[in-house]
$ cat final-v2.pdb   # PDB, C-alpha atoms
ATOM      1  CA  MET A   3     -18.622  17.173 -38.983  1.00  0.00           C
ATOM      2  CA  GLY A   4     -18.585  19.329 -42.031  1.00  0.00           C
ATOM      3  CA  ILE A   5     -18.472  23.045 -42.378  1.00  0.00           C
ATOM      4  CA  PRO A   6     -21.860  24.720 -42.017  1.00  0.00           C
ATOM      5  CA  ILE A   7     -22.538  26.863 -45.055  1.00  0.00           C
ATOM      6  CA  ILE A   8     -25.999  28.281 -44.469  1.00  0.00           C
ATOM      7  CA  GLY A   9     -24.908  30.636 -41.661  1.00  0.00           C
ATOM      8  CA  PRO A  10     -22.277  32.515 -43.703  1.00  0.00           C
ATOM      9  CA  ILE A  11     -24.691  32.834 -46.620  1.00  0.00           C
ATOM     10  CA  VAL A  12     -27.406  34.310 -44.393  1.00  0.00           C
ATOM     11  CA  GLU A  13     -24.879  36.643 -42.733  1.00  0.00           C
ATOM     12  CA  GLY A  14     -23.765  37.806 -46.178  1.00  0.00           C
ATOM     13  CA  LEU A  15     -27.363  38.462 -47.150  1.00  0.00           C
ATOM     14  CA  LYS A  16     -27.909  40.461 -43.945  1.00  0.00           C
ATOM     15  CA  ALA A  17     -24.819  42.538 -44.701  1.00  0.00           C
ATOM     16  CA  VAL A  18     -26.014  43.267 -48.234  1.00  0.00           C
ATOM     17  CA  PHE A  19     -29.490  44.153 -46.945  1.00  0.00           C
ATOM     18  CA  GLY A  20     -27.877  46.487 -44.404  1.00  0.00           C
ATOM     19  CA  PHE A  21     -26.017  48.172 -47.231  1.00  0.00           C
ATOM     20  CA  VAL A  22     -29.266  48.540 -49.203  1.00  0.00           C
ATOM     21  CA  ASP A  23     -31.008  49.982 -46.133  1.00  0.00           C
ATOM     22  CA  ASN A  24     -28.400  52.741 -45.950  1.00  0.00           C
ATOM     23  CA  LEU A  25     -28.792  53.805 -49.569  1.00  0.00           C
ATOM     24  CA  HIS A  26     -30.255  57.264 -50.068  1.00  0.00           C
ATOM     25  CA  THR A  27     -33.204  56.169 -52.182  1.00  0.00           C
ATOM     26  CA  SER A  28     -36.939  55.838 -51.726  1.00  0.00           C
ATOM     27  CA  ASP A  29     -38.470  53.055 -49.647  1.00  0.00           C
ATOM     28  CA  ASP A  30     -39.924  51.502 -52.810  1.00  0.00           C
ATOM     29  CA  GLU A  31     -36.499  51.411 -54.484  1.00  0.00           C
ATOM     30  CA  ARG A  32     -34.913  49.799 -51.415  1.00  0.00           C
ATOM     31  CA  LEU A  33     -37.693  47.192 -51.205  1.00  0.00           C
ATOM     32  CA  ASN A  34     -37.336  46.466 -54.905  1.00  0.00           C
ATOM     33  CA  ALA A  35     -33.556  46.048 -54.537  1.00  0.00           C
ATOM     34  CA  LYS A  36     -34.068  43.673 -51.599  1.00  0.00           C
ATOM     35  CA  ALA A  37     -36.609  41.639 -53.576  1.00  0.00           C
ATOM     36  CA  GLN A  38     -34.163  41.315 -56.470  1.00  0.00           C
ATOM     37  CA  LEU A  39     -31.360  40.315 -54.102  1.00  0.00           C
ATOM     38  CA  MET A  40     -33.581  37.734 -52.443  1.00  0.00           C
ATOM     39  CA  SER A  41     -34.471  36.221 -55.823  1.00  0.00           C
ATOM     40  CA  LEU A  42     -30.727  35.870 -56.469  1.00  0.00           C
ATOM     41  CA  TYR A  43     -30.030  34.403 -53.019  1.00  0.00           C
ATOM     42  CA  GLN A  44     -32.909  31.911 -52.952  1.00  0.00           C
ATOM     43  CA  PRO A  45     -31.274  29.324 -55.266  1.00  0.00           C
ATOM     44  CA  ILE A  46     -28.050  29.645 -53.276  1.00  0.00           C
ATOM     45  CA  LEU A  47     -29.864  29.094 -49.976  1.00  0.00           C
ATOM     46  CA  THR A  48     -31.785  26.152 -51.435  1.00  0.00           C
ATOM     47  CA  ALA A  49     -28.550  24.552 -52.639  1.00  0.00           C
ATOM     48  CA  ALA A  50     -26.914  25.154 -49.243  1.00  0.00           C
ATOM     49  CA  VAL A  51     -29.827  23.517 -47.431  1.00  0.00           C
ATOM     50  CA  ASP A  52     -29.660  20.550 -49.817  1.00  0.00           C
ATOM     51  CA  LEU A  53     -25.908  20.187 -49.261  1.00  0.00           C
ATOM     52  CA  GLU A  54     -26.245  20.283 -45.480  1.00  0.00           C
ATOM     53  CA  ARG A  55     -29.129  17.779 -45.638  1.00  0.00           C
ATOM     54  CA  MET A  56     -27.007  15.413 -47.730  1.00  0.00           C
ATOM     55  CA  GLN A  57     -24.110  15.810 -45.294  1.00  0.00           C
ATOM     56  CA  VAL A  58     -26.330  14.907 -42.341  1.00  0.00           C
ATOM     57  CA  GLU A  59     -27.738  11.929 -44.256  1.00  0.00           C
ATOM     58  CA  LEU A  60     -24.221  10.688 -45.033  1.00  0.00           C
ATOM     59  CA  GLN A  61     -23.147  11.096 -41.411  1.00  0.00           C
ATOM     60  CA  ALA A  62     -26.217   9.156 -40.301  1.00  0.00           C
ATOM     61  CA  ARG A  63     -25.430   6.447 -42.865  1.00  0.00           C
ATOM     62  CA  VAL A  64     -21.872   6.108 -41.520  1.00  0.00           C
ATOM     63  CA  LEU A  65     -23.294   5.587 -38.027  1.00  0.00           C
ATOM     64  CA  GLN A  66     -25.752   2.999 -39.331  1.00  0.00           C
ATOM     65  CA  VAL A  67     -23.022   1.080 -41.172  1.00  0.00           C
ATOM     66  CA  GLU A  68     -20.777   1.125 -38.104  1.00  0.00           C
ATOM     67  CA  ALA A  69     -23.637  -0.039 -35.870  1.00  0.00           C
ATOM     68  CA  GLN A  70     -24.333  -2.980 -38.209  1.00  0.00           C
ATOM     69  CA  ALA A  71     -20.700  -4.005 -38.685  1.00  0.00           C
ATOM     70  CA  ASN A  72     -19.513  -7.527 -37.909  1.00  0.00           C
ATOM     71  CA  SER A  73     -16.647  -6.320 -35.757  1.00  0.00           C
ATOM     72  CA  TRP A  74     -17.369  -5.591 -32.097  1.00  0.00           C
ATOM     73  CA  LEU A  75     -14.794  -2.797 -32.124  1.00  0.00           C
ATOM     74  CA  THR A  76     -16.308  -1.122 -35.200  1.00  0.00           C
ATOM     75  CA  ARG A  77     -19.792  -1.247 -33.641  1.00  0.00           C
ATOM     76  CA  THR A  78     -18.765   0.122 -30.258  1.00  0.00           C
ATOM     77  CA  TRP A  79     -15.815   2.465 -30.720  1.00  0.00           C
ATOM     78  CA  ARG A  80     -17.925   5.650 -30.797  1.00  0.00           C
ATOM     79  CA  PRO A  81     -19.973   4.804 -27.703  1.00  0.00           C
ATOM     80  CA  LEU A  82     -16.806   3.761 -25.856  1.00  0.00           C
ATOM     81  CA  VAL A  83     -15.025   7.006 -26.728  1.00  0.00           C
ATOM     82  CA  MET A  84     -18.081   9.026 -25.696  1.00  0.00           C
ATOM     83  CA  LEU A  85     -18.260   7.106 -22.418  1.00  0.00           C
ATOM     84  CA  MET A  86     -14.592   7.883 -21.807  1.00  0.00           C
ATOM     85  CA  PHE A  87     -15.180  11.575 -22.584  1.00  0.00           C
ATOM     86  CA  ALA A  88     -18.218  11.692 -20.292  1.00  0.00           C
ATOM     87  CA  THR A  89     -16.202  10.041 -17.507  1.00  0.00           C
ATOM     88  CA  LEU A  90     -13.389  12.561 -17.940  1.00  0.00           C
ATOM     89  CA  VAL A  91     -15.805  15.505 -17.858  1.00  0.00           C
ATOM     90  CA  GLY A  92     -17.620  14.053 -14.839  1.00  0.00           C
ATOM     91  CA  TRP A  93     -14.407  13.330 -12.931  1.00  0.00           C
ATOM     92  CA  HIS A  94     -13.062  16.779 -13.695  1.00  0.00           C
ATOM     93  CA  SER A  95     -16.312  18.473 -12.569  1.00  0.00           C
ATOM     94  CA  VAL A  96     -16.988  16.365  -9.473  1.00  0.00           C
ATOM     95  CA  GLY A  97     -13.359  15.910  -8.492  1.00  0.00           C
ATOM     96  CA  THR A  98     -12.674  19.629  -8.638  1.00  0.00           C
ATOM     97  CA  GLY A  99     -15.812  20.374  -6.613  1.00  0.00           C
ATOM     98  CA  LEU A 100     -14.889  17.822  -3.915  1.00  0.00           C
ATOM     99  CA  GLY A 101     -11.263  18.899  -3.731  1.00  0.00           C
ATOM    100  CA  PHE A 102      -9.753  15.752  -5.272  1.00  0.00           C
ATOM    101  CA  PRO A 103      -6.544  16.100  -7.201  1.00  0.00           C
ATOM    102  CA  VAL A 104      -7.572  16.504 -10.815  1.00  0.00           C
ATOM    103  CA  PRO A 105      -4.942  16.725 -13.533  1.00  0.00           C
ATOM    104  CA  ALA A 106      -5.102  19.741 -15.789  1.00  0.00           C
ATOM    105  CA  VAL A 107      -6.792  19.043 -19.088  1.00  0.00           C
ATOM    106  CA  PRO A 108      -5.199  20.828 -22.045  1.00  0.00           C
ATOM    107  CA  GLU A 109      -7.460  23.262 -23.909  1.00  0.00           C
ATOM    108  CA  ALA A 110      -7.020  21.274 -27.124  1.00  0.00           C
ATOM    109  CA  MET A 111      -8.397  18.183 -25.387  1.00  0.00           C
ATOM    110  CA  TRP A 112     -11.493  20.104 -24.197  1.00  0.00           C
ATOM    111  CA  SER A 113     -12.021  21.243 -27.796  1.00  0.00           C
ATOM    112  CA  LEU A 114     -11.734  17.643 -28.975  1.00  0.00           C
ATOM    113  CA  ILE A 115     -14.248  16.504 -26.361  1.00  0.00           C
ATOM    114  CA  GLN A 116     -16.690  19.244 -27.383  1.00  0.00           C
ATOM    115  CA  LEU A 117     -16.287  18.350 -31.035  1.00  0.00           C
ATOM    116  CA  GLY A 118     -16.652  14.632 -30.337  1.00  0.00           C
ATOM    117  CA  LEU A 119     -19.679  14.955 -28.086  1.00  0.00           C
ATOM    118  CA  GLY A 120     -21.298  17.479 -30.434  1.00  0.00           C
ATOM    119  CA  GLY A 121     -20.675  15.310 -33.482  1.00  0.00           C
ATOM    120  CA  TYR A 122     -21.901  12.209 -31.702  1.00  0.00           C
ATOM    121  CA  VAL A 123     -25.082  13.850 -30.445  1.00  0.00           C
ATOM    122  CA  ILE A 124     -25.792  15.523 -33.790  1.00  0.00           C
ATOM    123  CA  GLY A 125     -25.004  12.340 -35.691  1.00  0.00           C
ATOM    124  CA  ARG A 126     -27.237  10.214 -33.489  1.00  0.00           C
ATOM    125  CA  SER A 127     -30.000  12.828 -33.706  1.00  0.00           C
ATOM    126  CA  ALA A 128     -29.648  12.983 -37.480  1.00  0.00           C
ATOM    127  CA  GLU A 129     -29.912   9.215 -37.650  1.00  0.00           C
ATOM    128  CA  LYS A 130     -33.324   9.469 -35.977  1.00  0.00           C
ATOM    129  CA  ILE A 131     -34.616  12.751 -37.433  1.00  0.00           C
ATOM    130  CA  VAL A 132     -33.447  12.949 -41.049  1.00  0.00           C
ATOM    131  CA  PRO A 133     -35.239   9.863 -42.491  1.00  0.00           C
ATOM    132  CA  PRO A 134     -38.744  11.030 -41.434  1.00  0.00           C
ATOM    133  CA  ILE A 135     -38.043  14.537 -42.745  1.00  0.00           C
ATOM    134  CA  VAL A 136     -36.763  13.223 -46.069  1.00  0.00           C
ATOM    135  CA  ASN A 137     -39.759  10.880 -46.354  1.00  0.00           C
ATOM    136  CA  ALA A 138     -42.130  13.761 -45.582  1.00  0.00           C
ATOM    137  CA  LEU A 139     -40.467  15.922 -48.226  1.00  0.00           C
ATOM    138  CA  LYS A 140     -40.634  13.117 -50.763  1.00  0.00           C
ATOM    139  CA  GLY A 141     -44.310  12.655 -49.916  1.00  0.00           C
ATOM    140  CA  LYS A 142     -45.015  16.330 -50.610  1.00  0.00           C
ATOM    141  CA  GLU A 143     -43.180  16.166 -53.940  1.00  0.00           C
ATOM    142  CA  THR A 144     -45.341  13.297 -55.171  1.00  0.00           C
ATOM    143  CA  VAL A 145     -48.619  14.953 -54.157  1.00  0.00           C
TER     144      VAL A 145
END
$ encode --input "final-v2.pdb" --output "structure tokens"
Amino acid sequence: MGIPIIGPIVEGLKAVFGFVDNLHTSDDERLNAKAQLMSLYQPILTAAVDLERMQVELQARVLQVEAQANSWLTRTWRPLVMLMFATLVGWHSVGTGLGFPVPAVPEAMWSLIQLGLGGYVIGRSAEKIVPPIVNALKGKETV
């Protein structure tokens, strides 16, 4: 998964707006300053949204290519890894609750599992969601 860029941009805009709010000027001057800032930020936000959309589309395309590959291993490695992760999480949760001996799982491995499961779920969701959204946007552009 890539680095999300919209969040930091929005947080930066909030910080700048907070600074403007604290200026000792009239309400009209503050609103005017915010409007000017927003007109500067809008192209940046639009570009960030486009970049994140393209990233999700590329991730979905990778999943599609892997799913259509000739090799059994290429087609199934992600589901197999996710099944292994789910089994590990389940065993750790149930085994601990029932008092079975459960080996300690290093923190780095939990982070890897979270990243893997999150990327898999987001990637699979993107594969289903992004094409209709892109088609809808293309439909609006041609109208």
$ resolve_selection --input "final-v2.pdb" --expression "the PyMOL selection byres ((chain A and resi 12) around 12)" --output "list in words"
Pro6, Ile7, Ile8, Gly9, Pro10, Ile11, Glu13, Gly14, Leu15, Lys16, Ala17, Val18, Phe19, Met40, Tyr43, Gln44, Ile46, Leu47, Thr48, Ala50 and Val51 of chain A
$ closest_residue --input "final-v2.pdb" --among "A:Gln66, A:Leu42, A:Lys36, A:Gly120" --to "Thr78 of chain A" --atoms "all atoms listed in the file"
A:Gln66
$ closest_residue --input "final-v2.pdb" --among "A:Gln70, A:Val91, A:Gln116, A:Gln57" --to "Val104 of chain A" --atoms "all atoms listed in the file"
A:Val91
$ resolve_selection --input "final-v2.pdb" --expression "the PyMOL selection byres ((chain A and resi 115) around 10)" --output "VMD selection string"
chain A and resid 83 to 84 86 to 88 90 to 91 109 to 114 116 to 121
$ atom_distance --input "final-v2.pdb" --atom1 "atom CA of Val107 of chain A" --atom2 "atom CA of Gly92 of chain A"
12.7 Å
$ axis_aligned_box --input "final-v2.pdb" --around "segment 66-74 of chain A" --padding-each-side "3 Å" --output "JSON"
{"center_x": -21.2, "center_y": -2.3, "center_z": -36.6, "size_x": 15.1, "size_y": 16.5, "size_z": 15.1}
$ atom_distance --input "final-v2.pdb" --atom1 "atom CA of Ala35 of chain A" --atom2 "atom CA of Asp23 of chain A"
9.6 Å
$ decode --input "final-v2.pdb" --residues "segment 82-123 of chain A" --atoms "N, CA and C atoms" --output "mmCIF file, in the first residue's frame"
data_model
loop_
_atom_site.group_PDB
_atom_site.id
_atom_site.type_symbol
_atom_site.label_atom_id
_atom_site.label_comp_id
_atom_site.auth_asym_id
_atom_site.auth_seq_id
_atom_site.Cartn_x
_atom_site.Cartn_y
_atom_site.Cartn_z
ATOM 1 N N LEU A 82 -3.788 -17.601 0.278
ATOM 2 C CA LEU A 82 -3.151 -18.550 1.192
ATOM 3 C C LEU A 82 -2.474 -17.834 2.364
ATOM 4 N N VAL A 83 -1.796 -16.738 2.075
ATOM 5 C CA VAL A 83 -1.144 -15.977 3.146
ATOM 6 C C VAL A 83 -2.202 -15.396 4.087
ATOM 7 N N MET A 84 -3.286 -14.885 3.527
ATOM 8 C CA MET A 84 -4.349 -14.325 4.367
ATOM 9 C C MET A 84 -5.010 -15.409 5.211
ATOM 10 N N LEU A 85 -5.165 -16.591 4.662
ATOM 11 C CA LEU A 85 -5.712 -17.716 5.419
ATOM 12 C C LEU A 85 -4.772 -18.091 6.568
ATOM 13 N N MET A 86 -3.475 -18.081 6.299
ATOM 14 C CA MET A 86 -2.502 -18.368 7.343
ATOM 15 C C MET A 86 -2.560 -17.299 8.441
ATOM 16 N N PHE A 87 -2.631 -16.028 8.035
ATOM 17 C CA PHE A 87 -2.736 -14.943 9.016
ATOM 18 C C PHE A 87 -4.001 -15.081 9.851
ATOM 19 N N ALA A 88 -5.125 -15.360 9.197
ATOM 20 C CA ALA A 88 -6.393 -15.505 9.913
ATOM 21 C C ALA A 88 -6.325 -16.669 10.894
ATOM 22 N N THR A 89 -5.688 -17.766 10.491
ATOM 23 C CA THR A 89 -5.529 -18.919 11.376
ATOM 24 C C THR A 89 -4.674 -18.549 12.589
ATOM 25 N N LEU A 90 -3.592 -17.823 12.349
ATOM 26 C CA LEU A 90 -2.725 -17.409 13.452
ATOM 27 C C LEU A 90 -3.475 -16.500 14.423
ATOM 28 N N VAL A 91 -4.217 -15.542 13.904
ATOM 29 C CA VAL A 91 -4.981 -14.634 14.764
ATOM 30 C C VAL A 91 -6.043 -15.423 15.539
ATOM 31 N N GLY A 92 -6.750 -16.304 14.834
ATOM 32 C CA GLY A 92 -7.774 -17.121 15.495
ATOM 33 C C GLY A 92 -7.190 -18.013 16.572
ATOM 34 N N TRP A 93 -6.097 -18.699 16.274
ATOM 35 C CA TRP A 93 -5.468 -19.587 17.253
ATOM 36 C C TRP A 93 -4.994 -18.791 18.462
ATOM 37 N N HIS A 94 -4.406 -17.634 18.199
ATOM 38 C CA HIS A 94 -3.906 -16.818 19.298
ATOM 39 C C HIS A 94 -5.064 -16.346 20.176
ATOM 40 N N SER A 95 -6.174 -15.919 19.565
ATOM 41 C CA SER A 95 -7.328 -15.426 20.323
ATOM 42 C C SER A 95 -8.026 -16.548 21.079
ATOM 43 N N VAL A 96 -8.358 -17.626 20.374
ATOM 44 C CA VAL A 96 -9.091 -18.732 20.990
ATOM 45 C C VAL A 96 -8.198 -19.509 21.952
ATOM 46 N N GLY A 97 -6.976 -19.773 21.526
ATOM 47 C CA GLY A 97 -6.062 -20.536 22.372
ATOM 48 C C GLY A 97 -5.776 -19.838 23.688
ATOM 49 N N THR A 98 -5.578 -18.539 23.634
ATOM 50 C CA THR A 98 -5.336 -17.775 24.856
ATOM 51 C C THR A 98 -6.555 -17.830 25.763
ATOM 52 N N GLY A 99 -7.742 -17.656 25.164
ATOM 53 C CA GLY A 99 -8.984 -17.673 25.940
ATOM 54 C C GLY A 99 -9.261 -19.017 26.590
ATOM 55 N N LEU A 100 -8.869 -20.117 25.932
ATOM 56 C CA LEU A 100 -9.117 -21.460 26.466
ATOM 57 C C LEU A 100 -7.961 -21.982 27.314
ATOM 58 N N GLY A 101 -6.911 -21.218 27.428
ATOM 59 C CA GLY A 101 -5.789 -21.617 28.267
ATOM 60 C C GLY A 101 -4.782 -22.516 27.582
ATOM 61 N N PHE A 102 -4.840 -22.644 26.261
ATOM 62 C CA PHE A 102 -3.856 -23.453 25.538
ATOM 63 C C PHE A 102 -2.534 -22.705 25.476
ATOM 64 N N PRO A 103 -1.455 -23.473 25.385
ATOM 65 C CA PRO A 103 -0.165 -22.796 25.248
ATOM 66 C C PRO A 103 -0.082 -22.121 23.868
ATOM 67 N N VAL A 104 0.102 -20.839 23.893
ATOM 68 C CA VAL A 104 0.178 -20.072 22.651
ATOM 69 C C VAL A 104 1.519 -19.350 22.639
ATOM 70 N N PRO A 105 2.322 -19.581 21.607
ATOM 71 C CA PRO A 105 3.612 -18.899 21.559
ATOM 72 C C PRO A 105 3.421 -17.390 21.410
ATOM 73 N N ALA A 106 4.351 -16.664 21.967
ATOM 74 C CA ALA A 106 4.302 -15.204 21.855
ATOM 75 C C ALA A 106 4.539 -14.806 20.400
ATOM 76 N N VAL A 107 3.754 -13.851 19.960
ATOM 77 C CA VAL A 107 3.905 -13.352 18.594
ATOM 78 C C VAL A 107 4.601 -11.997 18.672
ATOM 79 N N PRO A 108 5.745 -11.867 18.009
ATOM 80 C CA PRO A 108 6.471 -10.594 18.064
ATOM 81 C C PRO A 108 5.621 -9.433 17.535
ATOM 82 N N GLU A 109 5.825 -8.269 18.095
ATOM 83 C CA GLU A 109 5.054 -7.077 17.699
ATOM 84 C C GLU A 109 5.194 -6.799 16.203
ATOM 85 N N ALA A 110 6.381 -7.013 15.668
ATOM 86 C CA ALA A 110 6.601 -6.768 14.236
ATOM 87 C C ALA A 110 5.728 -7.685 13.388
ATOM 88 N N MET A 111 5.503 -8.915 13.866
ATOM 89 C CA MET A 111 4.663 -9.840 13.109
ATOM 90 C C MET A 111 3.201 -9.384 13.139
ATOM 91 N N TRP A 112 2.736 -8.875 14.303
ATOM 92 C CA TRP A 112 1.365 -8.350 14.369
ATOM 93 C C TRP A 112 1.207 -7.182 13.402
ATOM 94 N N SER A 113 2.224 -6.329 13.321
ATOM 95 C CA SER A 113 2.176 -5.192 12.392
ATOM 96 C C SER A 113 2.100 -5.690 10.950
ATOM 97 N N LEU A 114 2.864 -6.717 10.641
ATOM 98 C CA LEU A 114 2.835 -7.299 9.301
ATOM 99 C C LEU A 114 1.461 -7.884 8.987
ATOM 100 N N ILE A 115 0.869 -8.557 9.949
ATOM 101 C CA ILE A 115 -0.462 -9.137 9.756
ATOM 102 C C ILE A 115 -1.485 -8.029 9.525
ATOM 103 N N GLN A 116 -1.417 -6.964 10.325
ATOM 104 C CA GLN A 116 -2.347 -5.849 10.141
ATOM 105 C C GLN A 116 -2.175 -5.218 8.770
ATOM 106 N N LEU A 117 -0.939 -5.017 8.365
ATOM 107 C CA LEU A 117 -0.667 -4.433 7.064
ATOM 108 C C LEU A 117 -1.160 -5.353 5.950
ATOM 109 N N GLY A 118 -0.876 -6.643 6.084
ATOM 110 C CA GLY A 118 -1.294 -7.603 5.061
ATOM 111 C C GLY A 118 -2.797 -7.711 4.950
ATOM 112 N N LEU A 119 -3.466 -7.875 6.092
ATOM 113 C CA LEU A 119 -4.925 -7.984 6.064
ATOM 114 C C LEU A 119 -5.555 -6.688 5.572
ATOM 115 N N GLY A 120 -5.031 -5.547 6.038
ATOM 116 C CA GLY A 120 -5.567 -4.261 5.584
ATOM 117 C C GLY A 120 -5.369 -4.075 4.091
ATOM 118 N N GLY A 121 -4.181 -4.361 3.601
ATOM 119 C CA GLY A 121 -3.911 -4.234 2.173
ATOM 120 C C GLY A 121 -4.743 -5.186 1.349
ATOM 121 N N TYR A 122 -4.931 -6.399 1.845
ATOM 122 C CA TYR A 122 -5.724 -7.376 1.110
ATOM 123 C C TYR A 122 -7.180 -6.942 1.039
ATOM 124 N N VAL A 123 -7.721 -6.534 2.175
ATOM 125 C CA VAL A 123 -9.129 -6.119 2.214
ATOM 126 C C VAL A 123 -9.332 -4.873 1.368
#
